[in-house]
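Reviewing the structure listed below.
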Amino acid sequence: MDIDIRIKRQRFRAWHRGTKEADLLIGGFFDREHAGWTLAEVDWYEALLDEEDVEIMGWALGTIPVPKRYEGPMLERMRKLDYIPVAE
């Protein structure tokens with residue numbers, strides 16, 4: 001499948017998770033990071049989107065252990081959480 005189509009699907013899936021919190025974390029990360037992704041990173045994110053929101057959020061917040069398949073630089077960037085807007 002064309003990578004541009006995959007990216008469009010990922011954008012939709014990232015921003016339509018079911019809760020505002022998950023949308024901001026998963027969608028916000030997508031918006032901030034996706035432009036520079038390699039094919040391997042696109043694959044990683046696509047697999048991540050198949051996981052449950054509560055799992056992804058727990059991994060990003062560091063409250064539950066991360067499966068080995070998701071450990072690495074992508075999750076480390078997600079853990080920064082600096083892409084989520086905070087009302088002042």
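We name chains A, B, ... following the order of the structure tokens; residues begin at 1 in each chain, and ligands are numbered from 1 as shown.
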**OP:** Could you give me, as a PyMOL selection string, each residue of chain A that DSSP assigns to alpha helix (DSSP H) when run on this structure's backbone?
**Re:** chain A and resi 3-15+20-22+28-33+39-48+53-61+73-79
Original post:
Got a sec: who's within 8 Å of range 66-82 of chain A, counting only C-alpha atoms, leaving out chain neighbours fewer than 3 positions off, as a ChimeraX atom specification?
Top reply: /A:25,29,41,44,48,59-62,85
Original post:
Please, what distance in Å, to one decimal, runs between CA of Gly18 in chain A and CA of Ile5 in chain A?
Top reply: 22.1 Å
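Near His16 in chain A, within 12 Å and counting only C-alpha atoms, sit Arg9, Gln10, Arg11, Phe12, Lys20, Glu21, Ala22, Asp23, Leu24, Leu25, Ile26, Gly27, Gly28, Leu49 and Asp53 of chain A; same-chain residues fewer than 4 positions away were not included.
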Residue subset to file, keeping N, CA, C and O atoms, as a tab-separated table (two decimals), in the first residue's frame:
chain	number	residue	atom	x	y	z
A	9	ARG	N	-4.51	7.14	6.80
A	9	ARG	CA	-5.27	6.23	7.67
A	9	ARG	C	-4.80	6.35	9.11
A	9	ARG	O	-5.60	6.32	10.04
A	10	GLN	N	-3.50	6.46	9.28
A	10	GLN	CA	-2.97	6.60	10.64
A	10	GLN	C	-3.45	7.89	11.29
A	10	GLN	O	-3.79	7.90	12.47
A	11	ARG	N	-3.46	8.96	10.53
A	11	ARG	CA	-3.95	10.24	11.08
A	11	ARG	C	-5.39	10.09	11.57
A	11	ARG	O	-5.72	10.50	12.69
A	12	PHE	N	-6.24	9.47	10.77
A	12	PHE	CA	-7.63	9.28	11.17
A	12	PHE	C	-7.71	8.42	12.43
A	12	PHE	O	-8.39	8.77	13.39
A	20	LYS	N	-11.07	11.89	24.64
A	20	LYS	CA	-10.29	13.10	24.37
A	20	LYS	C	-8.83	12.92	24.78
A	20	LYS	O	-7.91	13.34	24.08
A	21	GLU	N	-8.62	12.25	25.93
A	21	GLU	CA	-7.27	12.05	26.43
A	21	GLU	C	-6.43	11.21	25.45
A	21	GLU	O	-5.29	11.55	25.15
A	22	ALA	N	-7.02	10.13	24.96
A	22	ALA	CA	-6.31	9.28	24.01
A	22	ALA	C	-6.08	10.01	22.69
A	22	ALA	O	-5.01	9.89	22.10
A	23	ASP	N	-7.07	10.76	22.25
A	23	ASP	CA	-6.91	11.53	21.02
A	23	ASP	C	-5.73	12.50	21.13
A	23	ASP	O	-4.91	12.61	20.22
A	24	LEU	N	-5.65	13.21	22.26
A	24	LEU	CA	-4.58	14.19	22.44
A	24	LEU	C	-3.21	13.52	22.50
A	24	LEU	O	-2.25	14.00	21.91
A	25	LEU	N	-3.12	12.39	23.20
A	25	LEU	CA	-1.84	11.72	23.33
A	25	LEU	C	-1.43	11.06	22.02
A	25	LEU	O	-0.35	11.31	21.50
A	26	ILE	N	-2.28	10.25	21.47
A	26	ILE	CA	-1.95	9.46	20.29
A	26	ILE	C	-1.98	10.33	19.02
A	26	ILE	O	-1.09	10.25	18.18
A	27	GLY	N	-3.00	11.15	18.90
A	27	GLY	CA	-3.10	12.05	17.75
A	27	GLY	C	-2.08	13.17	17.79
A	27	GLY	O	-1.50	13.54	16.76
A	28	GLY	N	-1.86	13.72	18.99
A	28	GLY	CA	-0.87	14.79	19.13
A	28	GLY	C	0.52	14.31	18.77
A	28	GLY	O	1.29	15.01	18.12
A	49	LEU	N	-1.18	1.48	16.82
A	49	LEU	CA	-2.59	1.87	16.71
A	49	LEU	C	-3.55	0.69	16.90
A	49	LEU	O	-4.73	0.89	17.19
A	53	ASP	N	-6.15	1.72	23.92
A	53	ASP	CA	-5.76	3.06	24.36
A	53	ASP	C	-5.17	3.06	25.76
A	53	ASP	O	-4.17	3.74	26.02
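Atom pair CA of Asp50 in chain A / CA of Arg13 in chain A: separated by 9.3 Å.
Here CA of Thr38 in chain A and CA of Ile7 in chain A stand 11.4 Å from one another.
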**OP:** Find the residues near Val42 in chain A: any atom within 9 Å, counting only C-alpha atoms, skip ones fewer than 5 places away on the same chain, and give them as a PyMOL selection string.
**Re:** chain A and resi 3+6-7+10+34+37+47
